[in-house]
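Data block for target-v6.txt (compact mmCIF, C-alpha atoms):
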# COMPACT_ATOMS: atom_id res chain seq x y z
CA MET A 1344 0.00 0.00 0.00
CA LYS A 1345 2.81 2.39 0.91
CA LYS A 1346 4.38 1.99 -2.51
CA ASN A 1347 1.08 2.83 -4.21
CA ILE A 1348 0.71 6.04 -2.25
CA LEU A 1349 4.22 7.02 -3.33
CA VAL A 1350 3.31 6.37 -6.96
CA ASP A 1351 0.15 8.44 -6.56
CA LYS A 1352 2.19 11.30 -5.09
CA ILE A 1353 4.87 11.23 -7.76
CA MET A 1354 2.82 10.56 -10.88
CA PRO A 1355 0.72 13.75 -11.23
CA PRO A 1356 3.65 16.20 -10.98
CA LEU A 1357 5.71 13.92 -13.21
CA VAL A 1358 3.01 13.93 -15.89
CA CYS A 1359 2.70 17.71 -15.51
CA ILE A 1360 6.44 18.25 -15.99
CA SER A 1361 6.73 15.81 -18.88
CA MET A 1362 3.75 17.40 -20.65
CA LEU A 1363 5.38 20.83 -20.33
CA MET A 1364 8.61 19.34 -21.63
CA ALA A 1365 6.70 17.76 -24.52
CA LEU A 1366 5.15 21.14 -25.35
CA ALA A 1367 8.56 22.79 -25.24
CA ALA A 1368 10.09 20.03 -27.34
CA ALA A 1369 7.34 20.16 -29.96
CA LEU A 1370 6.96 23.93 -30.16
CA LEU A 1371 10.44 25.29 -29.35
CA TYR A 1372 13.13 22.66 -29.59
CA ALA A 1373 12.13 20.83 -32.76
CA PRO A 1374 13.28 22.56 -35.95
CA THR A 1375 10.63 23.91 -38.32
CA GLU A 1376 9.91 21.53 -41.14
CA LYS A 1377 10.97 22.96 -44.52
CA VAL A 1378 7.90 22.18 -46.62
CA MET A 1379 5.04 22.16 -44.14
CA GLY A 1380 6.28 24.82 -41.75
CA ASP A 1381 4.92 25.06 -38.24
CA THR A 1382 1.86 22.97 -39.17
CA GLN A 1383 4.07 19.90 -38.98
CA ARG A 1384 4.48 20.39 -35.22
CA ILE A 1385 1.06 18.88 -34.58
CA PHE A 1386 2.70 15.58 -35.57
CA TYR A 1387 4.43 15.45 -32.14
CA PHE A 1388 1.04 15.07 -30.49
CA HIS A 1389 -0.75 13.23 -33.27
CA VAL A 1390 1.57 10.22 -33.46
CA PRO A 1391 1.98 9.59 -29.69
CA ALA A 1392 -1.82 9.86 -29.30
CA ALA A 1393 -2.30 7.28 -32.06
CA ILE A 1394 0.19 4.87 -30.49
CA SER A 1395 -1.43 5.43 -27.06
CA ALA A 1396 -4.86 4.66 -28.55
CA PHE A 1397 -3.58 1.36 -29.94
CA ILE A 1398 -1.91 0.51 -26.62
CA CYS A 1399 -5.33 1.03 -25.00
CA PHE A 1400 -7.00 -1.21 -27.57
CA PHE A 1401 -4.37 -3.85 -26.87
CA LEU A 1402 -5.07 -3.54 -23.12
CA VAL A 1403 -8.78 -4.05 -23.82
CA PHE A 1404 -7.81 -7.22 -25.70
CA ILE A 1405 -5.61 -8.53 -22.88
CA GLY A 1406 -8.17 -7.60 -20.20
CA SER A 1407 -10.94 -9.33 -22.16
CA ILE A 1408 -8.99 -12.57 -22.66
CA GLN A 1409 -7.93 -12.68 -19.03
CA TYR A 1410 -11.46 -11.95 -17.83
CA LEU A 1411 -12.90 -14.84 -19.84
CA ARG A 1412 -10.15 -17.12 -18.53
CA THR A 1413 -10.16 -16.15 -14.87
CA ARG A 1414 -13.44 -14.24 -14.29
CA TYR A 1415 -11.68 -11.81 -12.00
CA ALA A 1416 -13.48 -8.44 -11.98
CA HIS A 1417 -10.24 -6.47 -12.13
CA TRP A 1418 -9.46 -7.71 -15.66
CA ASP A 1419 -12.87 -6.56 -16.80
CA ARG A 1420 -12.31 -3.22 -15.09
CA LEU A 1421 -9.00 -2.86 -16.94
CA ALA A 1422 -10.69 -3.58 -20.29
CA ARG A 1423 -13.49 -1.09 -19.64
CA CYS A 1424 -11.22 1.73 -18.49
CA ALA A 1425 -8.71 1.12 -21.30
CA ALA A 1426 -11.52 1.24 -23.87
CA GLU A 1427 -12.61 4.64 -22.59
CA LEU A 1428 -9.05 5.97 -22.78
CA GLY A 1429 -8.60 4.40 -26.22
CA VAL A 1430 -11.62 6.32 -27.46
CA LEU A 1431 -10.26 9.48 -25.84
CA PHE A 1432 -6.85 9.15 -27.50
CA GLY A 1433 -8.53 8.12 -30.75
CA LEU A 1434 -10.51 11.34 -30.59
CA ILE A 1435 -7.29 13.31 -30.16
CA VAL A 1436 -5.91 11.60 -33.27
CA LEU A 1437 -9.07 12.25 -35.27
CA VAL A 1438 -9.11 15.92 -34.24
CA THR A 1439 -5.42 16.72 -34.69
CA GLY A 1440 -5.31 14.86 -38.04
CA PRO A 1441 -7.82 17.09 -39.86
CA LEU A 1442 -6.29 20.20 -38.25
CA TRP A 1443 -3.03 19.24 -39.95
CA ALA A 1444 -4.72 18.14 -43.16
CA LYS A 1445 -6.60 21.38 -43.83
CA PRO A 1446 -3.50 23.52 -44.58
CA ILE A 1447 -1.50 20.63 -46.10
CA TRP A 1448 -4.10 18.79 -48.21
CA GLY A 1449 -6.57 21.65 -48.51
CA VAL A 1450 -9.37 19.59 -46.97
CA TYR A 1451 -10.09 18.42 -43.45
CA TRP A 1452 -10.90 14.88 -44.42
CA ARG A 1453 -9.98 12.50 -47.22
CA TRP A 1454 -11.11 8.91 -47.54
CA GLU A 1455 -7.51 7.87 -47.33
CA PRO A 1456 -6.64 4.37 -46.03
CA ARG A 1457 -4.99 5.40 -42.77
CA LEU A 1458 -7.74 7.86 -41.86
CA THR A 1459 -10.51 5.46 -42.78
CA SER A 1460 -9.09 2.56 -40.79
CA MET A 1461 -8.58 4.77 -37.73
CA LEU A 1462 -12.17 5.95 -38.01
CA ILE A 1463 -13.49 2.38 -38.27
CA ALA A 1464 -11.39 1.20 -35.32
CA PHE A 1465 -12.58 4.21 -33.34
CA SER A 1466 -16.23 3.48 -34.12
CA ILE A 1467 -15.84 -0.16 -33.04
CA TYR A 1468 -14.65 0.96 -29.60
CA VAL A 1469 -17.40 3.58 -29.36
CA ALA A 1470 -19.83 0.71 -30.00
CA TYR A 1471 -18.02 -1.27 -27.27
CA LEU A 1472 -18.62 1.56 -24.80
CA MET A 1473 -22.27 1.78 -25.83
CA LEU A 1474 -22.63 -1.91 -25.13
CA ARG A 1475 -21.09 -1.36 -21.71
CA THR A 1476 -23.47 1.46 -20.81
CA GLN A 1477 -26.60 -0.20 -22.20
CA GLY A 1478 -25.86 -3.43 -20.41
CA ALA A 1479 -27.26 -6.93 -20.50
CA SER A 1480 -29.69 -8.52 -18.11
CA GLY A 1481 -28.36 -10.21 -15.01
CA GLY A 1482 -24.78 -8.94 -14.84
CA GLN A 1483 -23.70 -10.54 -18.08
CA THR A 1484 -22.28 -7.36 -19.55
CA PRO A 1485 -18.60 -8.10 -18.67
CA ARG A 1486 -18.71 -11.47 -20.41
CA ILE A 1487 -20.34 -10.12 -23.56
CA ALA A 1488 -18.11 -7.06 -23.62
CA SER A 1489 -15.05 -9.32 -23.29
CA VAL A 1490 -16.00 -11.29 -26.37
CA LEU A 1491 -16.46 -8.01 -28.23
CA GLY A 1492 -13.14 -6.70 -26.90
CA ILE A 1493 -11.35 -9.70 -28.39
CA VAL A 1494 -13.17 -9.60 -31.72
CA ALA A 1495 -12.63 -5.84 -32.02
CA PHE A 1496 -8.87 -6.17 -31.63
CA ILE A 1497 -8.56 -9.07 -34.08
CA ASN A 1498 -10.59 -6.97 -36.50
CA VAL A 1499 -8.12 -4.05 -36.47
CA PRO A 1500 -5.57 -5.64 -38.89
CA LEU A 1501 -8.42 -6.87 -41.11
CA VAL A 1502 -9.73 -3.32 -41.33
CA HIS A 1503 -6.22 -2.10 -42.10
CA TYR A 1504 -5.67 -4.52 -45.02
CA SER A 1505 -9.12 -4.18 -46.51
CA VAL A 1506 -8.96 -0.40 -46.47
CA ASP A 1507 -5.50 -0.55 -48.05
CA LEU A 1508 -6.97 -2.68 -50.84
CA TRP A 1509 -9.94 -0.38 -51.19
CA ALA A 1510 -8.01 2.82 -51.74
CA ALA A 1511 -4.47 1.74 -52.54
CA ASP A 1512 -4.10 4.56 -55.04
CA GLN A 1513 -4.88 7.27 -52.51
CA GLN A 1514 -2.04 6.83 -50.01
CA LEU A 1515 -1.34 10.38 -48.94
CA HIS A 1516 -0.80 9.94 -45.23
CA PRO A 1517 2.90 10.24 -44.31
CA GLN A 1518 4.35 6.77 -43.96
CA ARG A 1519 6.49 5.28 -41.26
CA ASN A 1520 9.70 5.46 -43.29
CA VAL A 1521 9.83 9.27 -43.35
CA ASP A 1522 13.33 10.49 -42.56
CA LEU A 1523 13.33 12.69 -39.48
CA GLN A 1524 16.13 14.98 -38.37
CA PRO A 1525 17.71 13.87 -35.08
CA GLU A 1526 16.22 16.88 -33.23
CA MET A 1527 12.76 16.01 -34.50
CA LEU A 1528 13.27 12.44 -33.38
CA TYR A 1529 14.32 13.53 -29.86
CA ALA A 1530 11.29 15.79 -29.61
CA LEU A 1531 9.09 12.90 -30.71
CA TYR A 1532 10.62 10.67 -28.02
CA VAL A 1533 9.90 13.26 -25.34
CA CYS A 1534 6.30 13.44 -26.52
CA PHE A 1535 6.03 9.66 -26.52
CA ALA A 1536 7.27 9.55 -22.92
CA ALA A 1537 4.83 12.30 -21.88
CA PHE A 1538 1.86 10.58 -23.53
CA PHE A 1539 2.70 7.16 -22.07
CA LEU A 1540 3.00 8.67 -18.59
CA LEU A 1541 -0.31 10.45 -19.10
CA LEU A 1542 -1.88 7.20 -20.25
CA ALA A 1543 -0.57 5.36 -17.20
CA LEU A 1544 -1.83 8.04 -14.82
CA LEU A 1545 -5.27 8.32 -16.43
CA LEU A 1546 -5.67 4.55 -16.50
CA ARG A 1547 -4.71 4.23 -12.86
CA ARG A 1548 -7.08 6.99 -11.79
CA ARG A 1549 -9.90 5.62 -13.95
CA ILE A 1550 -9.53 2.16 -12.45
CA GLU A 1551 -9.61 3.60 -8.93
CA LEU A 1552 -12.76 5.50 -9.88
CA ALA A 1553 -14.33 2.36 -11.35
CA LYS A 1554 -13.67 0.53 -8.07
CA ILE A 1555 -15.45 3.27 -6.13
CA GLU A 1556 -18.34 3.25 -8.61
CA GLU A 1557 -18.74 -0.49 -8.15
CA ALA A 1558 -18.69 -0.15 -4.36
CA VAL A 1559 -21.37 2.56 -4.52
CA GLU A 1560 -23.48 0.44 -6.84
CA LYS A 1561 -23.21 -2.51 -4.44
CA MET A 1562 -24.28 -0.35 -1.48
CA ARG A 1563 -27.19 1.05 -3.46
CA GLN A 1564 -28.39 -2.45 -4.28
CA ARG A 1565 -28.15 -3.47 -0.66
CA LEU A 1566 -30.19 -0.44 0.36
CA ALA A 1567 -32.76 -1.16 -2.31
CA THR A 1568 -33.25 -4.72 -1.17
CA GLY A 1569 -33.52 -3.54 2.42
CA MET A 1570 -30.65 -5.63 3.67
CA ASP A 1571 -28.55 -4.18 6.44
CA TYR A 1572 -24.80 -4.22 6.16
CA MET B 457 -36.29 -10.31 -45.51
CA SER B 458 -36.47 -10.49 -49.33
CA PHE B 459 -39.31 -8.03 -49.47
CA PHE B 460 -37.38 -5.70 -47.19
CA SER B 461 -34.33 -5.87 -49.50
CA LEU B 462 -36.53 -5.07 -52.48
CA LEU B 463 -37.87 -2.07 -50.62
CA VAL B 464 -34.32 -0.94 -49.88
CA LEU B 465 -33.48 -1.19 -53.59
CA LEU B 466 -36.58 0.88 -54.29
CA VAL B 467 -35.61 3.53 -51.74
CA PHE B 468 -32.10 3.80 -53.15
CA ASN B 469 -33.50 4.10 -56.64
CA PHE B 470 -35.45 7.18 -55.66
CA SER B 471 -32.79 8.71 -53.45
CA PHE B 472 -30.05 8.45 -56.08
CA GLU B 473 -31.99 8.44 -59.37
CA LEU B 474 -30.12 5.32 -60.42
CA GLY B 475 -29.98 3.56 -63.74
CA GLY B 476 -27.79 3.88 -66.78
CA ALA B 477 -24.32 5.21 -66.21
CA ALA B 478 -24.59 5.48 -62.42
CA LEU B 479 -25.17 1.75 -62.08
CA HIS B 480 -21.56 0.72 -62.28
CA GLU B 481 -20.52 3.32 -59.76
CA ILE B 482 -23.04 2.84 -57.00
CA GLY B 483 -24.94 -0.30 -58.06
CA PRO B 484 -22.74 -2.69 -56.01
CA GLY B 485 -23.01 -0.43 -52.97
CA VAL B 486 -26.78 -0.31 -53.26
CA LEU B 487 -26.99 -4.08 -53.66
CA TRP B 488 -24.82 -4.81 -50.63
CA SER B 489 -26.53 -2.21 -48.48
CA ALA B 490 -29.80 -3.98 -49.19
CA PHE B 491 -28.25 -7.35 -48.29
CA VAL B 492 -26.69 -6.06 -45.09
CA PHE B 493 -29.97 -4.57 -43.88
CA ALA B 494 -31.79 -7.80 -44.72
CA CYS B 495 -29.07 -9.76 -42.92
CA LEU B 496 -29.53 -7.60 -39.80
CA LEU B 497 -33.26 -8.29 -39.83
CA GLY B 498 -32.65 -12.02 -40.08
CA LEU B 499 -29.96 -12.01 -37.40
CA ASN B 500 -32.23 -10.21 -34.96
CA ARG B 501 -34.63 -13.10 -35.31
CA SER B 502 -32.05 -15.88 -35.30
CA PHE B 503 -32.02 -16.34 -31.52
CA ALA B 504 -35.57 -15.10 -30.93
CA ASP B 505 -37.15 -18.56 -30.68
CA GLU B 506 -34.59 -19.70 -28.13
CA ARG B 507 -35.16 -16.58 -26.09
CA GLU B 508 -38.95 -16.64 -26.16
CA ASN B 509 -39.23 -20.33 -25.37
CA HIS B 510 -36.18 -20.45 -23.10
CA SER B 511 -34.94 -23.36 -25.17
CA LEU B 512 -31.36 -22.14 -25.22
CA ASP B 513 -30.79 -23.92 -21.90
CA ALA B 514 -31.84 -27.17 -23.52
CA LEU B 515 -29.46 -26.53 -26.40
CA LEU B 516 -26.66 -25.81 -23.96
CA MET B 517 -27.37 -28.98 -21.99
CA ALA B 518 -27.08 -31.10 -25.10
CA PRO B 519 -23.87 -33.12 -25.13
CA GLY B 520 -21.36 -31.98 -27.70
CA ASP B 521 -19.37 -28.96 -28.59
CA ARG B 522 -20.86 -25.46 -28.34
CA GLY B 523 -19.18 -24.76 -31.66
CA ALA B 524 -21.69 -27.09 -33.30
CA ILE B 525 -24.53 -24.77 -32.23
CA TYR B 526 -22.64 -21.88 -33.79
CA LEU B 527 -22.04 -23.74 -37.05
CA GLY B 528 -25.69 -24.75 -37.25
CA LYS B 529 -26.92 -21.23 -36.61
CA MET B 530 -24.39 -19.84 -39.05
CA ALA B 531 -25.42 -22.30 -41.76
CA ALA B 532 -29.07 -21.36 -41.26
CA ASN B 533 -28.29 -17.64 -41.48
CA LEU B 534 -26.12 -18.20 -44.55
CA ILE B 535 -28.84 -20.16 -46.36
CA PHE B 536 -31.46 -17.52 -45.54
CA LEU B 537 -29.18 -14.75 -46.73
CA LEU B 538 -28.34 -16.57 -49.97
CA ALA B 539 -32.03 -17.19 -50.60
CA VAL B 540 -32.72 -13.48 -50.13
CA GLU B 541 -29.90 -12.61 -52.50
CA LEU B 542 -31.11 -15.02 -55.17
CA ILE B 543 -34.60 -13.55 -54.98
CA CYS B 544 -33.30 -9.98 -55.08
CA LEU B 545 -30.79 -10.37 -57.85
CA PRO B 546 -33.29 -10.72 -60.76
CA PHE B 547 -35.12 -7.65 -59.47
CA PHE B 548 -31.83 -5.76 -59.19
CA ALA B 549 -31.08 -6.67 -62.81
CA LEU B 550 -34.60 -5.74 -63.84
CA PHE B 551 -34.75 -2.41 -62.04
CA PHE B 552 -31.31 -1.32 -63.16
CA ASN B 553 -31.36 -2.64 -66.73
CA LEU B 554 -28.65 -5.21 -66.28
CA SER B 555 -28.50 -7.69 -69.14
CA PRO B 556 -27.49 -11.22 -68.14
CA GLY B 557 -24.12 -12.50 -69.23
CA PHE B 558 -21.13 -14.56 -68.17
CA PHE B 559 -20.54 -12.34 -65.13
CA ILE B 560 -23.33 -14.13 -63.29
CA LEU B 561 -21.12 -17.08 -62.31
CA PRO B 562 -18.32 -15.03 -60.69
CA LEU B 563 -21.01 -12.79 -59.18
CA LEU B 564 -22.52 -15.82 -57.47
CA GLY B 565 -19.05 -16.65 -56.15
CA VAL B 566 -18.69 -13.16 -54.68
CA LEU B 567 -22.17 -13.38 -53.19
CA VAL B 568 -21.43 -16.72 -51.51
CA LEU B 569 -18.10 -15.50 -50.09
CA GLY B 570 -19.55 -12.19 -48.95
CA SER B 571 -22.57 -13.86 -47.36
CA ALA B 572 -20.28 -16.30 -45.57
CA CYS B 573 -18.45 -13.31 -44.07
CA LEU B 574 -21.68 -11.59 -43.05
CA SER B 575 -23.17 -14.67 -41.45
CA ALA B 576 -19.90 -15.75 -39.79
CA ALA B 577 -19.55 -12.45 -37.91
CA GLY B 578 -23.31 -11.88 -37.73
CA THR B 579 -24.13 -15.14 -35.95
CA LEU B 580 -21.58 -14.48 -33.21
CA PHE B 581 -22.97 -10.98 -32.68
CA ALA B 582 -26.57 -12.18 -32.78
CA ALA B 583 -25.67 -14.58 -29.97
CA LEU B 584 -23.92 -11.80 -28.06
CA SER B 585 -26.76 -9.32 -28.37
CA SER B 586 -29.52 -11.84 -27.72
CA THR B 587 -29.18 -11.33 -23.96
CA MET B 588 -29.00 -7.56 -24.18
CA ARG B 589 -31.90 -5.33 -23.27
CA LEU B 590 -31.75 -3.14 -26.38
CA ARG B 591 -30.73 -5.96 -28.69
CA GLU B 592 -32.48 -4.70 -31.84
CA LEU B 593 -30.67 -1.41 -31.50
CA LEU B 594 -27.31 -2.74 -30.36
CA LEU B 595 -26.85 -5.45 -32.97
CA PRO B 596 -26.42 -3.06 -35.91
CA LEU B 597 -24.29 -0.71 -33.80
CA LEU B 598 -21.91 -3.52 -32.88
CA LEU B 599 -21.98 -5.44 -36.13
CA LEU B 600 -21.73 -2.71 -38.77
CA PRO B 601 -18.21 -1.47 -37.88
CA ILE B 602 -17.04 -5.06 -37.52
CA ILE B 603 -18.22 -6.16 -40.97
CA LEU B 604 -16.96 -3.04 -42.74
CA PRO B 605 -13.74 -4.72 -43.96
CA ALA B 606 -15.74 -7.52 -45.55
CA LEU B 607 -18.27 -5.07 -46.94
CA ILE B 608 -15.57 -2.95 -48.59
CA SER B 609 -14.21 -5.99 -50.44
CA CYS B 610 -17.71 -7.23 -51.33
CA VAL B 611 -18.61 -3.93 -52.95
CA LYS B 612 -15.28 -3.65 -54.79
CA ALA B 613 -15.41 -7.25 -56.02
CA THR B 614 -19.04 -6.91 -57.15
CA GLY B 615 -18.15 -3.71 -58.99
CA LEU B 616 -15.25 -5.40 -60.79
CA VAL B 617 -17.42 -8.39 -61.73
CA LEU B 618 -20.21 -6.16 -63.07
CA ASP B 619 -17.55 -4.40 -65.17
CA ASN B 620 -16.48 -7.79 -66.59
CA GLN B 621 -13.06 -7.58 -64.97
CA PHE B 622 -12.16 -11.04 -63.71
CA GLY B 623 -8.41 -10.60 -63.84
CA PRO B 624 -5.79 -10.06 -61.16
CA ALA B 625 -7.63 -6.98 -59.89
CA LEU B 626 -10.33 -9.22 -58.46
CA TYR B 627 -8.17 -11.77 -56.61
CA PRO B 628 -7.02 -9.61 -53.68
CA HIS B 629 -10.63 -8.83 -52.81
CA LEU B 630 -11.67 -12.48 -52.98
CA LYS B 631 -8.65 -13.38 -50.85
CA MET B 632 -9.65 -10.71 -48.35
CA LEU B 633 -13.17 -12.12 -48.13
CA ALA B 634 -11.88 -15.66 -47.71
CA VAL B 635 -9.46 -14.56 -44.95
CA TYR B 636 -12.21 -12.61 -43.20
CA ALA B 637 -14.60 -15.58 -43.29
CA ILE B 638 -11.93 -18.00 -42.02
CA VAL B 639 -10.81 -15.64 -39.24
CA PHE B 640 -14.36 -15.07 -38.05
CA VAL B 641 -15.44 -18.70 -38.17
CA THR B 642 -12.33 -19.69 -36.18
CA LEU B 643 -12.74 -16.83 -33.73
CA SER B 644 -16.42 -17.60 -33.25
CA LEU B 645 -15.78 -21.29 -32.66
CA MET B 646 -13.34 -20.28 -29.92
CA LEU B 647 -15.54 -17.59 -28.36
CA PHE B 648 -19.04 -18.94 -28.87
CA GLU B 649 -19.14 -20.85 -25.61
CA TYR B 650 -18.53 -17.58 -23.78
CA ALA B 651 -21.08 -15.76 -25.92
CA ILE B 652 -24.09 -17.90 -25.05
CA GLU B 653 -23.24 -19.09 -21.56
CA GLU B 654 -26.18 -18.85 -19.15
Reformat the file's structure so that it appears as structure tokens.
Amino acid sequence: MKKNILVDKIMPPLVCISMLMALAAALLYAPTEKVMGDTQRIFYFHVPAAISAFICFFLVFIGSIQYLRTRYAHWDRLARCAAELGVLFGLIVLVTGPLWAKPIWGVYWRWEPRLTSMLIAFSIYVAYLMLRTQGASGGQTPRIASVLGIVAFINVPLVHYSVDLWAADQQLHPQRNVDLQPEMLYALYVCFAAFFLLLALLLRRRIELAKIEEAVEKMRQRLATGMDY
Amino acid sequence: MSFFSLLVLLVFNFSFELGGAALHEIGPGVLWSAFVFACLLGLNRSFADERENHSLDALLMAPGDRGAIYLGKMAANLIFLLAVELICLPFFALFFNLSPGFFILPLLGVLVLGSACLSAAGTLFAALSSTMRLRELLLPLLLLPIILPALISCVKATGLVLDNQFGPALYPHLKMLAVYAIVFVTLSLMLFEYAIEE
């Protein structure tokens, strides 16, 4: 318990500092890109957010598998909280992307493979959250959501390949093999570190909150059935 | 289900003023939209009897693998969907002035593969949503984003076939559909026992 308190004390200021460092790295330290100018700087938040979203989706997958195997509530809690954060980071990606695209491509949105597959993956996890809030009868929601969590993650590469096939001639999104200057790379690493710390903190806090929510729900049910506790 | 698909074709006809040149551009999309909506209707019903008569428990008690229940349900959904498609296709050709030709054989191939994808994923999700409170609403919400990869390839492959292009352009889409169907049947066989557990 003592160790956890220490982590809780250290994490928020650490995230704060690393986020400020990430801002400084992206806006001040990184050199201006020759062709795109300052618009390119949004990339330092866009890419880490995208990777964080996929880490969240992977955590949903792991949590779902482990829940079906062991039936421990904490795995289900992990999957649920990670899905929420995945949607949050996905939203950051889908907002920063068009902001960059408008000056560079001239339009906010193109039906380009990378954009389309991110949008589809995002909508699958939104549907996952809707399933969680709507709920099944008799406390079966975690089991059903776990099956969906597994299917959704397996579906991500399928979406990727099919969308690539669909619009292979429209690849405009910058690819992974872009050459970055060393300074740009360092700035990107700082942003990665900041986003991963943020992800860890948010996930931890969200799981704590979920525990409290469950405890409240349990008390409410006890009160409703008139049992004393 | 067939009548519903025909109505969908009718609605699209009026909303897009189809026919003639537009056919090759949006015809496949219209056709598959109609099939997907019909499929959703059928899937919503596919576990209704078990739910209303509480006979799922009996099915679950039966000795044997849970995967067999999935395969049976999937086969039933597939046959229904194919029947709907076979009924709709002549009307599609009739409404949109499509003259019959050699393309019918490959088109049937695409239809079978595409329907296998729809029913493979659809049956698992029908089982999942059958215990939900808002199942009629949730099934399309959950299923549509999941079947999008298959749908994309279905529409592309159908478009190529209607354009009489059977060459190498078609194969990747057929391969995609086959992979999707195999992945989802395998995944469903593994997960089905968790999906219908009571």
- Message: Distance limit 9 Å, atoms considered: all atoms listed in the file. Which chain A residues sit that close to chain B? Return them as a PyMOL selection string.
- Response: chain A and resi 1411+1463-1464+1466-1467+1470-1471+1473-1474+1477-1480+1483-1484+1486-1491+1493-1495+1497-1498+1501-1506+1508-1509
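The space between atom CA of A:Ile1447 and atom CA of A:Leu1363 spans 26.7 Å.
When atom CA of B:Ser511 is paired with atom CA of B:Leu537, their separation reads 23.9 Å.
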- Task: Find the residues around stretch 1408-1410 of chain A up to 10 Å (all atoms listed in the file counted), leave out those fewer than 3 positions away in its own chain, and share them as a ChimeraX atom specification.
- Result: /A:1402-1405,1413-1422,1485-1486,1489-1490,1492-1493
Write out, as a CSV table (one decimal), in the frame of the given file, the residues just selected, with C-alpha atoms.
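Produced file selection_7.csv, reproduced below:
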chain,number,residue,atom,x,y,z
A,1402,LEU,CA,-5.1,-3.5,-23.1
A,1403,VAL,CA,-8.8,-4.0,-23.8
A,1404,PHE,CA,-7.8,-7.2,-25.7
A,1405,ILE,CA,-5.6,-8.5,-22.9
A,1413,THR,CA,-10.2,-16.2,-14.9
A,1414,ARG,CA,-13.4,-14.2,-14.3
A,1415,TYR,CA,-11.7,-11.8,-12.0
A,1416,ALA,CA,-13.5,-8.4,-12.0
A,1417,HIS,CA,-10.2,-6.5,-12.1
A,1418,TRP,CA,-9.5,-7.7,-15.7
A,1419,ASP,CA,-12.9,-6.6,-16.8
A,1420,ARG,CA,-12.3,-3.2,-15.1
A,1421,LEU,CA,-9.0,-2.9,-16.9
A,1422,ALA,CA,-10.7,-3.6,-20.3
A,1485,PRO,CA,-18.6,-8.1,-18.7
A,1486,ARG,CA,-18.7,-11.5,-20.4
A,1489,SER,CA,-15.0,-9.3,-23.3
A,1490,VAL,CA,-16.0,-11.3,-26.4
A,1492,GLY,CA,-13.1,-6.7,-26.9
A,1493,ILE,CA,-11.4,-9.7,-28.4
- Item | Residue nearest B:Leu487 - candidates B:Leu466, B:Ala524, B:Ile638, B:Leu626, atoms counted: only C-alpha atoms |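 Among the listed residues, B:Leu466 lies closest to B:Leu487.
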So that I can check the surroundings of A:Phe1465, please list as a compact mmCIF listing (two decimals) with C-alpha atoms, in the frame of the given file every protein, DNA and RNA residue that reaches within 8 Å of it, counting all atoms listed in the file and ignoring chain neighbours fewer than 2 positions away.
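Saved the output as part-v2.txt:
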# COMPACT_ATOMS: atom_id res chain seq x y z
CA VAL A 1430 -11.62 6.32 -27.46
CA GLY A 1433 -8.53 8.12 -30.75
CA LEU A 1434 -10.51 11.34 -30.59
CA MET A 1461 -8.58 4.77 -37.73
CA LEU A 1462 -12.17 5.95 -38.01
CA ILE A 1463 -13.49 2.38 -38.27
CA ILE A 1467 -15.84 -0.16 -33.04
CA TYR A 1468 -14.65 0.96 -29.60
CA VAL A 1469 -17.40 3.58 -29.36
- Task: Would you kindly identify which residues have an atom no farther than 12 Å from (12.3, 25.1, -36.8), using only C-alpha atoms and the file's own coordinates, and write them out as a PyMOL selection string?
- Result: chain A and resi 1368-1384+1524+1526-1527+1530
- Query: If we count all atoms listed in the file, what is near A:Cys1359 at a cut-off of 10 Å, once residues fewer than 5 positions away on the same chain are taken out, given as an NGL selection string?
  - Reply: :A and (1354 or 1364-1365 or 1537 or 1540-1541)
Could you write stretch 1550-1558 of chain A as a tab-separated table (two decimals), in the frame of the given file, with N, CA and C atoms rebuilt where they are missing?
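File produced: result07.tsv:
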chain	number	residue	atom	x	y	z
A	1550	ILE	N	-9.26	3.45	-13.07
A	1550	ILE	CA	-9.53	2.16	-12.45
A	1550	ILE	C	-9.93	2.36	-10.99
A	1551	GLU	N	-9.23	3.29	-10.31
A	1551	GLU	CA	-9.61	3.60	-8.93
A	1551	GLU	C	-11.07	4.07	-8.87
A	1552	LEU	N	-11.40	4.96	-9.83
A	1552	LEU	CA	-12.76	5.50	-9.88
A	1552	LEU	C	-13.77	4.38	-10.12
A	1553	ALA	N	-13.42	3.47	-11.03
A	1553	ALA	CA	-14.33	2.36	-11.35
A	1553	ALA	C	-14.57	1.50	-10.11
A	1554	LYS	N	-13.52	1.31	-9.30
A	1554	LYS	CA	-13.67	0.53	-8.07
A	1554	LYS	C	-14.68	1.20	-7.14
A	1555	ILE	N	-14.55	2.53	-7.01
A	1555	ILE	CA	-15.45	3.27	-6.13
A	1555	ILE	C	-16.88	3.18	-6.66
A	1556	GLU	N	-17.00	3.34	-7.99
A	1556	GLU	CA	-18.34	3.25	-8.61
A	1556	GLU	C	-18.99	1.91	-8.29
A	1557	GLU	N	-18.20	0.84	-8.41
A	1557	GLU	CA	-18.74	-0.49	-8.15
A	1557	GLU	C	-19.16	-0.64	-6.70
A	1558	ALA	N	-18.35	-0.07	-5.78
A	1558	ALA	CA	-18.69	-0.15	-4.36
A	1558	ALA	C	-20.00	0.59	-4.09
